[in-house]
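K.L.:
Quick one: this structure, given as structure tokens, is what I'll be asking you about.
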Amino acid sequence: MKRIVARKFGSNFYRLRIPWRPFCTDASQILSRSNAGDPKKESEGQQYDIAIVGGGMVGLALACSLATRPLTKHLNIAIIDSNPALGRKHFIKKEDLPDPRVSTVTPATISFFKDIGAWQYVERHRHAYFDKMQVWDYTGLGYAKYNARDADRDVLGCVVENKVLLSSLLSRVQDTDLQKKIYPSRLTSMSILPNCSSLEVDSTLSVTTLFSHGRLVKLELEDGNSLYAKLLVGADGGKSRVRELAGFRTTGWNYSQNAIICTVEHAVENHCAWQRFLPAGPIALLPIGDKFSNIVWTMNSKESSEFKSMSEDDFLKAVNYALDYGYGPHPTSSLLGNADIFSWFKGDISRSANDCFEIPPKVVKLASERMAFPLSLRHANDYASKRVVLIGDAAHTVHPLAGQGVNLGFGDASTLSSVISEGIAVGIDIGEVSLLKKYETDRKPANVMMMAVLDGFQKAYSVDFGPLNILRAAAFHGAHYISPLKKSIISYASGEQRLLLFS
């Protein structure tokens with residue numbers, strides 16, 4: 001199944017070679033020259049090196065990454081987003097209850113945030129590291145427990161409210177010397193003209209001349225502003241306006257499922273991530289800190305309407321039922337009553353009390369509103385064209401069952417900023433499609449593989465069929481007892497580019 005999905009998304013992968021050009025000593029100076037304050041330039045429309053449409057987490061992560069690289073920190077950046085909060089400092093009060101919109105960031109994402117100087121801002125607010133995770137099936141036939149120590153790691157991940165991630169990235173951008181301007185508006189149209197190879201680019205050329213010779217993209221905003229950029233980055237989410245205007249086609253489907261998210265409270269602190277696969281979809285219980293957890297519950301649209309509108313008491317009973325004996329018994333310690341059926345392949349993992357099945361902490365209170373949103377899988381057939389590139393959900397939208405969506409987006413931001421830096425180093429126009437395709441060639445295989453894995457899980461666990469249930473249970477036990485497989489799964493979910501077991 002995974003191979004079928006991967007073929008569907010991953011055809012025509014190829015590694016593009018960027019032709020080397022002599023280093024241009026004036027390249028970074030030309031790219032970083034700002035037109036702010038120049039009356040003649042302003043009358044024609046502001047010119048930027050990069051325009052980022054979408055000031056969400058992924059768009060701001062790209063801006064932060066560009067601000068911390070030696071060859072890109074002098075670039076002139078426009079950030080276009082109608083969110084008014086981007087134009088001011090956002091203060092989060094410690095006494096505020098957790099927001100239901102959270103992200104589970106991987107160790108790879110944490111490292112990226114540390115590299116761009118944003119993680120120190122995250123740590124000032126509520127967040128919850130976790131080093132354990134338990135996954136099990138409603139049939140009671142199998143379960144798997146993961147511990148960070150199984151892969152020689154300190155943590156498996158960290159759950160952070162989206163507002164904390166956004167605020168931290170925004171604070172980091174504002175504290176850098178990056179030349180930037182935030183446009184609180186929406187993109188309405190864009191224009192790109194063919195290249196004129198005979199044009200000699202220099203700093204005396206007007207914006208309109210550069211645009212008419214295909215060296216800039218022109219953007220028209222809802223508030224009447226127009227601006228020009230050498231590169232347009234679409235970081236504007238699953239319903240990307242950039243993707244639509246640039247004509248990028250997508251492949252994908254809707255899952256006929258909704259996810260209900262909310263914040264709940266326990267009587268005790270929760271330090272583990274829990275996920276149980278139910279007949280209609282998985283339910284996840286993720287620690288947030290301060291005795292709070294986040295619920296992500298996948299179900300069909302009819303059920304989501306019912307669960308969203310039912311009383312708080314009934315909803316809490318339904319959650320505890322789903323995380324305990326509801327729909328089926330607790331798993332036993334082995335598939336066929338013999339805990340040693342995989343003993344010949346256990347490697348260095350030994351059984352202990354920590355490996356036994358545990359019941360999640362009871363939910364005692366609803367601490368936020370219940371929100372519901374539809375689930376889908378969507379993938380852009382191309383990530384890059386002339387002067388336009390897509391990152392994050394604008395390029396790919398995945399099922400939330402493993403919390404990987406935003407981590408893929410952060411990976412995009414990291415890779416794109418690296419590719420832009422490489423292009424500047426060898427004197428390549430940062431809007432050249434040959435350069436941008438290098439980013440696409442790097443990121444598309446990793447994204448498609450993760451999408452195929454998540455889609456395969458979704459389909460495998462959406463069918464209640466006896467023989468398939470046995471196979472799923474065997475997979476759980478394999479992941480629980482087979483040391484190399486367990487380590488490979490943890491490493492891949494932590495942000496590795498490949499499944500190490502098969503590399």
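All residue names refer to the structure tokens as shown: chains lettered A, B, ... in order, residues numbered from 1 in each chain, ligands numbered from 1 in order.
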For the structure I just gave you, how does DSSP split segment 55-257 of chain A - specifically, which residues are strand (DSSP E or B)? Reply as a PyMOL selection string.
P.N.:
chain A and resi 76-80+102-105+127-130+132-137+143-147+157-161+179-183+187-192+217-221+226-234+250-257
K.L.:
Per DSSP on the backbone, filter segment 188-428 of chain A down to the residues in alpha helix (DSSP H) and report them as JSON, numbers by chain.
P.N.:
{"A": [207, 208, 209, 210, 211, 212, 241, 242, 243, 244, 245, 246, 301, 302, 303, 304, 305, 306, 307, 308, 309, 312, 313, 314, 315, 316, 317, 318, 319, 320, 321, 322, 405, 406, 407, 408, 409, 410, 411, 412, 413, 414, 415, 416, 417, 418, 419, 420, 421, 422, 423, 424, 425]}
K.L.:
So which residues touch Leu285 of chain A within 7 Å, counting only C-alpha atoms, skipping near sequence neighbours fewer than 2 positions away, as a list in words?
P.N.:
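Final neighbour list, sorted by chain and number: Ala273, Trp274, Gln275, Ile283, Pro287, Ser293, Asn294, Ile295 and Val296 of chain A.
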K.L.:
Next, the residues of the selection above should be written as a compact mmCIF listing (two decimals), in the first residue's frame with all heavy atoms.
P.N.:
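Written out: out07.txt:
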```
# COMPACT_ATOMS: atom_id res chain seq x y z
N ALA A 273 3.13 10.55 25.81
CA ALA A 273 2.23 10.73 24.67
C ALA A 273 1.50 9.41 24.43
O ALA A 273 2.13 8.35 24.37
CB ALA A 273 3.01 11.14 23.42
N TRP A 274 0.17 9.47 24.27
CA TRP A 274 -0.64 8.27 24.12
C TRP A 274 -1.41 8.34 22.81
O TRP A 274 -1.91 9.40 22.43
CB TRP A 274 -1.65 8.15 25.26
CG TRP A 274 -1.10 8.39 26.63
CD1 TRP A 274 -0.88 9.59 27.24
CD2 TRP A 274 -0.70 7.38 27.58
NE1 TRP A 274 -0.37 9.41 28.50
CE2 TRP A 274 -0.24 8.05 28.74
CE3 TRP A 274 -0.66 5.99 27.56
CZ2 TRP A 274 0.23 7.39 29.86
CZ3 TRP A 274 -0.21 5.32 28.67
CH2 TRP A 274 0.24 6.01 29.80
N GLN A 275 -1.53 7.21 22.14
CA GLN A 275 -2.37 7.17 20.94
C GLN A 275 -3.01 5.79 20.82
O GLN A 275 -2.32 4.76 20.86
CB GLN A 275 -1.55 7.46 19.69
CG GLN A 275 -2.41 7.46 18.42
CD GLN A 275 -1.75 8.22 17.26
OE1 GLN A 275 -1.92 9.41 17.11
NE2 GLN A 275 -0.99 7.51 16.47
N ILE A 283 -7.27 8.33 18.53
CA ILE A 283 -7.37 9.39 19.53
C ILE A 283 -6.00 9.53 20.17
O ILE A 283 -5.37 8.53 20.54
CB ILE A 283 -8.46 9.10 20.59
CG1 ILE A 283 -8.53 10.25 21.61
CG2 ILE A 283 -8.23 7.77 21.29
CD1 ILE A 283 -9.70 10.15 22.58
N PRO A 287 0.82 15.45 26.28
CA PRO A 287 1.08 16.31 27.44
C PRO A 287 1.42 17.74 27.01
O PRO A 287 2.10 17.96 26.02
CB PRO A 287 2.29 15.64 28.11
CG PRO A 287 2.99 14.95 26.98
CD PRO A 287 1.90 14.47 26.06
N SER A 293 -3.37 18.35 29.09
CA SER A 293 -3.05 17.56 27.91
C SER A 293 -3.90 18.04 26.75
O SER A 293 -4.93 18.71 26.94
CB SER A 293 -3.31 16.06 28.14
OG SER A 293 -2.37 15.50 29.02
N ASN A 294 -3.49 17.69 25.57
CA ASN A 294 -4.22 18.03 24.35
C ASN A 294 -4.84 16.77 23.77
O ASN A 294 -4.20 15.71 23.73
CB ASN A 294 -3.29 18.69 23.34
CG ASN A 294 -3.99 19.10 22.06
OD1 ASN A 294 -3.92 18.40 21.05
ND2 ASN A 294 -4.69 20.22 22.10
N ILE A 295 -6.08 16.88 23.33
CA ILE A 295 -6.78 15.77 22.68
C ILE A 295 -6.84 16.04 21.17
O ILE A 295 -7.20 17.13 20.74
CB ILE A 295 -8.22 15.63 23.22
CG1 ILE A 295 -8.23 15.17 24.67
CG2 ILE A 295 -9.04 14.67 22.34
CD1 ILE A 295 -7.92 13.71 24.87
N VAL A 296 -6.47 15.04 20.38
CA VAL A 296 -6.70 15.07 18.93
C VAL A 296 -7.43 13.77 18.60
O VAL A 296 -6.85 12.69 18.66
CB VAL A 296 -5.38 15.16 18.13
CG1 VAL A 296 -5.70 15.25 16.63
CG2 VAL A 296 -4.54 16.34 18.57
```
K.L.:
Looking at A:Ser488, A:Asn83, A:Asn76, A:Gln179, which one is nearest to Asp236 of chain A, with distances taken over only C-alpha atoms?
P.N.:
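Distance minimum relative to Asp236 of chain A lands on A:Asn83.
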K.L.:
Quick one: everything within 10 Å of Arg149 of chain A, counting only C-alpha atoms, minus sequence neighbours fewer than 3 positions away in the same chain. Send it as a PyMOL selection string.
P.N.:
chain A and resi 131-132+146+152-156+487
K.L.:
For segment 113-182 of chain A versus segment 408-429 of chain A, which residues have an atom no more than 12 Å away, and what is each residue's nearest atom pair and distance in Å rounded to one decimal, using only C-alpha atoms, chain-then-number order, as JSON lines?
P.N.:
```
{"residue": "A:Phe113", "atom": "CA", "partner": "A:Phe410", "partner_atom": "CA", "distance": 9.0}
{"residue": "A:Asp115", "atom": "CA", "partner": "A:Ser414", "partner_atom": "CA", "distance": 9.9}
{"residue": "A:Ile116", "atom": "CA", "partner": "A:Ser414", "partner_atom": "CA", "distance": 9.4}
{"residue": "A:Leu165", "atom": "CA", "partner": "A:Phe410", "partner_atom": "CA", "distance": 11.6}
{"residue": "A:Leu169", "atom": "CA", "partner": "A:Phe410", "partner_atom": "CA", "distance": 11.7}
```
K.L.:
If you keep all heavy atoms, can you produce a file of those selected residues as a short mmCIF file (atom, residue, chain, number, x, y, z; two decimals), in the first residue's frame?
P.N.:
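Saved as again-v4.cif:
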```cif
data_model
loop_
_atom_site.label_atom_id
_atom_site.label_comp_id
_atom_site.auth_asym_id
_atom_site.auth_seq_id
_atom_site.Cartn_x
_atom_site.Cartn_y
_atom_site.Cartn_z
N PHE A 113 15.27 25.02 15.56
CA PHE A 113 14.91 26.22 16.33
C PHE A 113 16.11 26.73 17.12
O PHE A 113 16.28 27.95 17.27
CB PHE A 113 13.73 25.91 17.26
CG PHE A 113 12.38 26.20 16.66
CD1 PHE A 113 12.00 25.61 15.48
CD2 PHE A 113 11.51 27.07 17.29
CE1 PHE A 113 10.76 25.88 14.91
CE2 PHE A 113 10.27 27.36 16.74
CZ PHE A 113 9.89 26.76 15.54
N ASP A 115 19.24 26.38 16.24
CA ASP A 115 20.17 26.94 15.26
C ASP A 115 19.78 28.36 14.85
O ASP A 115 20.66 29.20 14.60
CB ASP A 115 20.25 26.05 14.02
CG ASP A 115 20.94 24.72 14.27
OD1 ASP A 115 21.67 24.63 15.29
OD2 ASP A 115 20.76 23.78 13.48
N ILE A 116 18.48 28.62 14.74
CA ILE A 116 18.04 29.94 14.30
C ILE A 116 17.76 30.88 15.48
O ILE A 116 17.32 32.01 15.29
CB ILE A 116 16.79 29.85 13.40
CG1 ILE A 116 15.59 29.28 14.16
CG2 ILE A 116 17.09 29.03 12.15
CD1 ILE A 116 14.31 29.22 13.34
N LEU A 165 4.82 28.92 19.57
CA LEU A 165 5.76 28.80 18.46
C LEU A 165 5.75 30.07 17.61
O LEU A 165 6.81 30.60 17.24
CB LEU A 165 5.42 27.59 17.60
CG LEU A 165 5.65 26.22 18.23
CD1 LEU A 165 5.11 25.12 17.32
CD2 LEU A 165 7.14 25.98 18.50
N LEU A 169 8.90 32.72 17.23
CA LEU A 169 9.51 33.01 15.93
C LEU A 169 9.42 34.50 15.61
O LEU A 169 10.38 35.10 15.09
CB LEU A 169 8.84 32.18 14.84
CG LEU A 169 9.14 30.68 14.88
CD1 LEU A 169 8.14 29.92 14.02
CD2 LEU A 169 10.56 30.39 14.42
#
```
K.L.:
Excluding same-chain residues fewer than 2 positions from segment 207-209 of chain A, what lies within 9 Å of it counting only C-alpha atoms, as a PDB file with C-alpha atoms, in the first residue's frame?
P.N.:
```
ATOM      1  CA  LYS A  41      11.738  53.384  -6.111  1.00  0.00           C
ATOM      2  CA  GLU A  44       7.252  52.374  -8.768  1.00  0.00           C
ATOM      3  CA  GLY A  45       6.524  49.923  -5.970  1.00  0.00           C
ATOM      4  CA  GLN A  46       8.820  48.549  -3.315  1.00  0.00           C
ATOM      5  CA  GLN A  47      11.438  46.023  -4.387  1.00  0.00           C
ATOM      6  CA  LEU A 205      18.032  49.735 -13.327  1.00  0.00           C
ATOM      7  CA  PHE A 211      10.155  43.391 -14.047  1.00  0.00           C
ATOM      8  CA  SER A 212       9.619  43.869 -17.775  1.00  0.00           C
ATOM      9  CA  HIS A 213      12.728  41.772 -18.448  1.00  0.00           C
ATOM     10  CA  GLY A 214      11.570  38.909 -16.200  1.00  0.00           C
ATOM     11  CA  ARG A 215      13.927  39.586 -13.303  1.00  0.00           C
ATOM     12  CA  LEU A 216      11.209  40.297 -10.733  1.00  0.00           C
ATOM     13  CA  TYR A 228       8.287  43.385  -6.530  1.00  0.00           C
TER      14      TYR A 228
END
```
K.L.:
Which neighbours of Pro360 of chain A fall inside 9 Å, counting only C-alpha atoms, when residues of the same chain fewer than 2 positions from it are skipped, and could you give them as a JSON list (two decimals) with N, CA and C atoms, in the first residue's frame?
P.N.:
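For reference, part-v1.json as written:
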```
[["chain", "number", "residue", "atom", "x", "y", "z"],
["A", 270, "ASN", "N", 0.82, 14.61, 33.33],
["A", 270, "ASN", "CA", 0.99, 13.62, 32.27],
["A", 270, "ASN", "C", 2.34, 13.83, 31.60],
["A", 272, "CYS", "N", 3.62, 11.43, 29.25],
["A", 272, "CYS", "CA", 3.71, 10.46, 28.15],
["A", 272, "CYS", "C", 2.76, 10.87, 27.04],
["A", 274, "TRP", "N", 0.17, 9.47, 24.27],
["A", 274, "TRP", "CA", -0.64, 8.27, 24.12],
["A", 274, "TRP", "C", -1.41, 8.34, 22.81],
["A", 285, "LEU", "N", -3.59, 11.62, 23.13],
["A", 285, "LEU", "CA", -3.54, 12.40, 24.35],
["A", 285, "LEU", "C", -2.11, 12.85, 24.54],
["A", 320, "ASN", "N", -12.58, 9.35, 28.29],
["A", 320, "ASN", "CA", -12.03, 8.33, 29.19],
["A", 320, "ASN", "C", -12.39, 6.92, 28.73],
["A", 323, "LEU", "N", -10.09, 5.98, 25.88],
["A", 323, "LEU", "CA", -8.69, 5.77, 26.27],
["A", 323, "LEU", "C", -8.52, 4.61, 27.25],
["A", 324, "ASP", "N", -9.64, 3.95, 27.59],
["A", 324, "ASP", "CA", -9.54, 2.85, 28.55],
["A", 324, "ASP", "C", -10.13, 1.58, 27.94],
["A", 358, "GLU", "N", 0.18, 0.40, 29.97],
["A", 358, "GLU", "CA", -0.30, 1.31, 31.01],
["A", 358, "GLU", "C", -1.60, 1.98, 30.55],
["A", 362, "LYS", "N", -6.63, 9.69, 33.88],
["A", 362, "LYS", "CA", -8.02, 10.07, 33.65],
["A", 362, "LYS", "C", -8.13, 11.58, 33.36],
["A", 363, "VAL", "N", -9.05, 11.90, 32.49],
["A", 363, "VAL", "CA", -9.36, 13.30, 32.20],
["A", 363, "VAL", "C", -10.46, 13.73, 33.15]]
```
K.L.:
Figure out the distance between atom CA of Phe112 of chain A and atom CA of Ile391 of chain A, please, to one decimal in Å.
P.N.:
15.8 Å
K.L.:
With a distance cut-off of 7 Å and only C-alpha atoms, select the neighbouring residues of Ser494 of chain A, excluding the residue or stretch itself and same-chain residues fewer than 5 positions from it, and output the selection as a ChimeraX atom specification.
P.N.:
/A:106-108,156
K.L.:
Between atom CA of Lys444 of chain A and atom CA of Gly59 of chain A, what is the distance, to one decimal in Å?
P.N.:
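A separation of 18.1 Å between them.
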K.L.:
Could you build a table of the residues in segment 63-159 of chain A lying no more than 12 Å from segment 170-178 of chain A, giving for each the nearest pair of atoms and their separation in Å rounded to one decimal place, using only C-alpha atoms, ordered by chain and ascending residue number, as JSON lines?
P.N.:
```
{"residue": "A:Ala63", "atom": "CA", "partner": "A:Val173", "partner_atom": "CA", "distance": 6.9}
{"residue": "A:Cys64", "atom": "CA", "partner": "A:Val173", "partner_atom": "CA", "distance": 5.5}
{"residue": "A:Ser65", "atom": "CA", "partner": "A:Val173", "partner_atom": "CA", "distance": 9.2}
{"residue": "A:Leu66", "atom": "CA", "partner": "A:Leu178", "partner_atom": "CA", "distance": 8.2}
{"residue": "A:Ala67", "atom": "CA", "partner": "A:Leu178", "partner_atom": "CA", "distance": 5.4}
{"residue": "A:Thr68", "atom": "CA", "partner": "A:Thr176", "partner_atom": "CA", "distance": 8.1}
{"residue": "A:Arg69", "atom": "CA", "partner": "A:Leu178", "partner_atom": "CA", "distance": 10.6}
{"residue": "A:Pro70", "atom": "CA", "partner": "A:Leu178", "partner_atom": "CA", "distance": 11.3}
{"residue": "A:Leu71", "atom": "CA", "partner": "A:Leu178", "partner_atom": "CA", "distance": 11.9}
{"residue": "A:Thr72", "atom": "CA", "partner": "A:Leu178", "partner_atom": "CA", "distance": 9.0}
{"residue": "A:Lys73", "atom": "CA", "partner": "A:Leu178", "partner_atom": "CA", "distance": 5.9}
{"residue": "A:His74", "atom": "CA", "partner": "A:Leu178", "partner_atom": "CA", "distance": 6.3}
{"residue": "A:Leu75", "atom": "CA", "partner": "A:Leu178", "partner_atom": "CA", "distance": 7.1}
{"residue": "A:Asn76", "atom": "CA", "partner": "A:Leu178", "partner_atom": "CA", "distance": 7.2}
{"residue": "A:Ile77", "atom": "CA", "partner": "A:Leu178", "partner_atom": "CA", "distance": 7.7}
{"residue": "A:Ala78", "atom": "CA", "partner": "A:Leu178", "partner_atom": "CA", "distance": 10.5}
{"residue": "A:Ile79", "atom": "CA", "partner": "A:Val173", "partner_atom": "CA", "distance": 11.1}
{"residue": "A:Ala85", "atom": "CA", "partner": "A:Leu170", "partner_atom": "CA", "distance": 9.7}
{"residue": "A:Leu86", "atom": "CA", "partner": "A:Leu170", "partner_atom": "CA", "distance": 7.2}
{"residue": "A:Gly87", "atom": "CA", "partner": "A:Leu170", "partner_atom": "CA", "distance": 9.3}
{"residue": "A:Arg88", "atom": "CA", "partner": "A:Leu170", "partner_atom": "CA", "distance": 9.1}
{"residue": "A:Lys89", "atom": "CA", "partner": "A:Ser171", "partner_atom": "CA", "distance": 7.2}
{"residue": "A:His90", "atom": "CA", "partner": "A:Ser171", "partner_atom": "CA", "distance": 8.2}
{"residue": "A:Phe91", "atom": "CA", "partner": "A:Ser171", "partner_atom": "CA", "distance": 10.0}
{"residue": "A:Ile92", "atom": "CA", "partner": "A:Ser171", "partner_atom": "CA", "distance": 11.9}
{"residue": "A:Phe113", "atom": "CA", "partner": "A:Arg172", "partner_atom": "CA", "distance": 10.1}
{"residue": "A:Lys114", "atom": "CA", "partner": "A:Arg172", "partner_atom": "CA", "distance": 11.1}
{"residue": "A:Asp115", "atom": "CA", "partner": "A:Arg172", "partner_atom": "CA", "distance": 11.7}
{"residue": "A:Ile116", "atom": "CA", "partner": "A:Arg172", "partner_atom": "CA", "distance": 8.3}
{"residue": "A:Gly117", "atom": "CA", "partner": "A:Arg172", "partner_atom": "CA", "distance": 6.8}
{"residue": "A:Ala118", "atom": "CA", "partner": "A:Arg172", "partner_atom": "CA", "distance": 5.7}
{"residue": "A:Trp119", "atom": "CA", "partner": "A:Arg172", "partner_atom": "CA", "distance": 9.2}
{"residue": "A:Gln120", "atom": "CA", "partner": "A:Arg172", "partner_atom": "CA", "distance": 9.2}
{"residue": "A:Tyr121", "atom": "CA", "partner": "A:Arg172", "partner_atom": "CA", "distance": 7.5}
{"residue": "A:Val122", "atom": "CA", "partner": "A:Ser171", "partner_atom": "CA", "distance": 10.0}
{"residue": "A:Arg124", "atom": "CA", "partner": "A:Ser171", "partner_atom": "CA", "distance": 11.8}
```
K.L.:
Output the selection as a CSV table (one decimal), in the first residue's frame - N, CA and C atoms for each residue.
P.N.:
```csv
chain,number,residue,atom,x,y,z
A,63,ALA,N,12.0,33.1,7.6
A,63,ALA,CA,12.6,34.4,7.8
A,63,ALA,C,13.7,34.4,8.9
A,64,CYS,N,13.5,33.6,10.0
A,64,CYS,CA,14.5,33.5,11.0
A,64,CYS,C,15.7,32.8,10.5
A,65,SER,N,15.5,31.8,9.7
A,65,SER,CA,16.7,31.1,9.2
A,65,SER,C,17.5,31.9,8.2
A,66,LEU,N,16.8,32.7,7.4
A,66,LEU,CA,17.5,33.6,6.5
A,66,LEU,C,18.3,34.7,7.3
A,67,ALA,N,17.7,35.1,8.4
A,67,ALA,CA,18.3,36.2,9.3
A,67,ALA,C,19.6,35.7,10.0
A,68,THR,N,19.8,34.4,10.1
A,68,THR,CA,20.9,33.9,10.8
A,68,THR,C,22.0,33.3,10.0
A,69,ARG,N,21.9,33.3,8.7
A,69,ARG,CA,22.9,32.8,7.8
A,69,ARG,C,23.8,34.0,7.3
A,70,PRO,N,25.1,33.8,7.2
A,70,PRO,CA,26.0,34.9,6.8
A,70,PRO,C,25.7,35.5,5.5
A,71,LEU,N,25.3,34.7,4.5
A,71,LEU,CA,25.1,35.2,3.1
A,71,LEU,C,23.6,35.7,2.9
A,72,THR,N,22.7,35.4,3.8
A,72,THR,CA,21.3,35.8,3.6
A,72,THR,C,20.8,36.8,4.6
A,73,LYS,N,21.6,37.1,5.7
A,73,LYS,CA,21.1,38.0,6.7
A,73,LYS,C,20.9,39.4,6.3
A,74,HIS,N,21.5,39.8,5.1
A,74,HIS,CA,21.4,41.2,4.6
A,74,HIS,C,20.3,41.3,3.6
A,75,LEU,N,19.6,40.2,3.3
A,75,LEU,CA,18.5,40.3,2.3
A,75,LEU,C,17.3,41.2,2.8
A,76,ASN,N,16.6,41.7,1.9
A,76,ASN,CA,15.5,42.6,2.2
A,76,ASN,C,14.2,41.8,2.0
A,77,ILE,N,13.4,41.6,3.0
A,77,ILE,CA,12.3,40.6,3.1
A,77,ILE,C,11.0,41.3,3.3
A,78,ALA,N,10.0,40.9,2.5
A,78,ALA,CA,8.6,41.3,2.8
A,78,ALA,C,7.8,40.1,3.3
A,79,ILE,N,7.1,40.3,4.3
A,79,ILE,CA,6.2,39.3,4.9
A,79,ILE,C,4.8,39.8,4.7
A,85,ALA,N,-1.7,40.6,14.4
A,85,ALA,CA,-0.8,40.3,15.5
A,85,ALA,C,0.7,40.4,15.1
A,86,LEU,N,1.0,40.2,13.8
A,86,LEU,CA,2.3,40.1,13.3
A,86,LEU,C,3.0,41.5,13.4
A,87,GLY,N,2.2,42.6,13.5
A,87,GLY,CA,2.8,43.9,13.5
A,87,GLY,C,3.1,44.4,14.9
A,88,ARG,N,3.0,43.6,15.9
A,88,ARG,CA,3.2,44.0,17.3
A,88,ARG,C,3.7,42.9,18.1
A,89,LYS,N,4.3,43.2,19.2
A,89,LYS,CA,4.8,42.2,20.2
A,89,LYS,C,3.6,41.5,20.8
A,90,HIS,N,3.7,40.1,20.9
A,90,HIS,CA,2.6,39.4,21.4
A,90,HIS,C,3.0,38.8,22.7
A,91,PHE,N,2.2,39.2,23.8
A,91,PHE,CA,2.6,38.7,25.1
A,91,PHE,C,1.6,37.6,25.5
A,92,ILE,N,2.2,36.5,26.0
A,92,ILE,CA,1.4,35.4,26.5
A,92,ILE,C,1.5,35.3,28.0
A,113,PHE,N,15.3,25.0,15.6
A,113,PHE,CA,14.9,26.2,16.3
A,113,PHE,C,16.1,26.7,17.1
A,114,LYS,N,16.9,25.8,17.7
A,114,LYS,CA,18.1,26.3,18.4
A,114,LYS,C,19.1,26.9,17.4
A,115,ASP,N,19.2,26.4,16.2
A,115,ASP,CA,20.2,26.9,15.3
A,115,ASP,C,19.8,28.4,14.8
A,116,ILE,N,18.5,28.6,14.7
A,116,ILE,CA,18.0,29.9,14.3
A,116,ILE,C,17.8,30.9,15.5
A,117,GLY,N,18.0,30.4,16.7
A,117,GLY,CA,17.9,31.2,17.9
A,117,GLY,C,16.5,31.4,18.4
A,118,ALA,N,15.6,30.6,18.0
A,118,ALA,CA,14.2,30.7,18.4
A,118,ALA,C,13.8,29.9,19.6
A,119,TRP,N,14.5,28.8,19.9
A,119,TRP,CA,14.1,27.9,21.0
A,119,TRP,C,14.2,28.5,22.3
A,120,GLN,N,15.1,29.4,22.6
A,120,GLN,CA,15.2,30.1,23.9
A,120,GLN,C,13.9,30.9,24.2
A,121,TYR,N,13.2,31.3,23.1
A,121,TYR,CA,12.0,32.1,23.3
A,121,TYR,C,10.9,31.1,23.7
A,122,VAL,N,10.9,29.9,23.1
A,122,VAL,CA,9.9,28.8,23.4
A,122,VAL,C,10.0,28.4,24.8
A,124,ARG,N,10.6,30.0,27.4
A,124,ARG,CA,10.1,30.9,28.3
A,124,ARG,C,8.6,30.7,28.6
```
K.L.:
What is the distance between atom CA of Tyr48 of chain A and atom CA of Lys180 of chain A, in Å to one decimal?
P.N.:
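Taking atom CA of Tyr48 of chain A as the start and atom CA of Lys180 of chain A as the end point, the length is 8.9 Å.
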K.L.:
Nearest to Phe277 of chain A: which of A:Asn381, A:Thr250, A:Thr441, A:Thr139 is it, counting only C-alpha atoms?
P.N.:
A:Thr139
K.L.:
Which residues of segment 48-127 of chain A sit at most 12 Å from segment 186-197 of chain A, using only C-alpha atoms? Give each one's shortest atom pair and distance in Å (one decimal place), in chain and ascending residue order, as a tab-separated table.
P.N.:
```
residue	atom	partner	partner_atom	distance
A:Ala51	CA	A:Leu187	CA	10.8
A:Ile52	CA	A:Leu187	CA	10.6
A:Val53	CA	A:Leu187	CA	7.5
A:Gly54	CA	A:Arg186	CA	9.0
A:Gly55	CA	A:Arg186	CA	11.0
A:Ile79	CA	A:Arg186	CA	10.5
A:Ile80	CA	A:Arg186	CA	6.7
A:Asp81	CA	A:Arg186	CA	6.1
A:Ser82	CA	A:Arg186	CA	5.8
A:Asn83	CA	A:Arg186	CA	9.5
A:Pro84	CA	A:Arg186	CA	11.7
```
K.L.:
Save the residues we just selected, N, CA and C atoms, as an mmCIF file, in the first residue's frame?
P.N.:
```cif
data_model
loop_
_atom_site.group_PDB
_atom_site.id
_atom_site.type_symbol
_atom_site.label_atom_id
_atom_site.label_comp_id
_atom_site.auth_asym_id
_atom_site.auth_seq_id
_atom_site.Cartn_x
_atom_site.Cartn_y
_atom_site.Cartn_z
ATOM 1 N N ALA A 51 9.795 37.851 -1.067
ATOM 2 C CA ALA A 51 8.478 38.127 -0.497
ATOM 3 C C ALA A 51 7.906 36.803 0.003
ATOM 4 N N ILE A 52 7.621 36.745 1.299
ATOM 5 C CA ILE A 52 7.047 35.545 1.909
ATOM 6 C C ILE A 52 5.568 35.802 2.134
ATOM 7 N N VAL A 53 4.710 35.073 1.427
ATOM 8 C CA VAL A 53 3.273 35.185 1.623
ATOM 9 C C VAL A 53 2.877 34.127 2.657
ATOM 10 N N GLY A 54 2.459 34.598 3.822
ATOM 11 C CA GLY A 54 2.132 33.694 4.920
ATOM 12 C C GLY A 54 3.071 33.920 6.083
ATOM 13 N N GLY A 55 2.585 34.622 7.107
ATOM 14 C CA GLY A 55 3.399 34.890 8.285
ATOM 15 C C GLY A 55 3.089 33.948 9.423
ATOM 16 N N ILE A 79 7.061 40.342 4.316
ATOM 17 C CA ILE A 79 6.193 39.286 4.852
ATOM 18 C C ILE A 79 4.758 39.768 4.696
ATOM 19 N N ILE A 80 3.953 39.002 3.970
ATOM 20 C CA ILE A 80 2.581 39.409 3.651
ATOM 21 C C ILE A 80 1.611 38.480 4.370
ATOM 22 N N ASP A 81 0.857 39.028 5.297
ATOM 23 C CA ASP A 81 -0.112 38.234 6.054
ATOM 24 C C ASP A 81 -1.116 39.180 6.680
ATOM 25 N N SER A 82 -2.389 38.838 6.618
ATOM 26 C CA SER A 82 -3.433 39.727 7.131
ATOM 27 C C SER A 82 -3.597 39.660 8.642
ATOM 28 N N ASN A 83 -2.842 38.769 9.309
ATOM 29 C CA ASN A 83 -2.934 38.653 10.763
ATOM 30 C C ASN A 83 -2.368 39.917 11.413
ATOM 31 N N PRO A 84 -3.208 40.717 12.093
ATOM 32 C CA PRO A 84 -2.724 41.981 12.675
ATOM 33 C C PRO A 84 -1.714 41.781 13.796
#
```
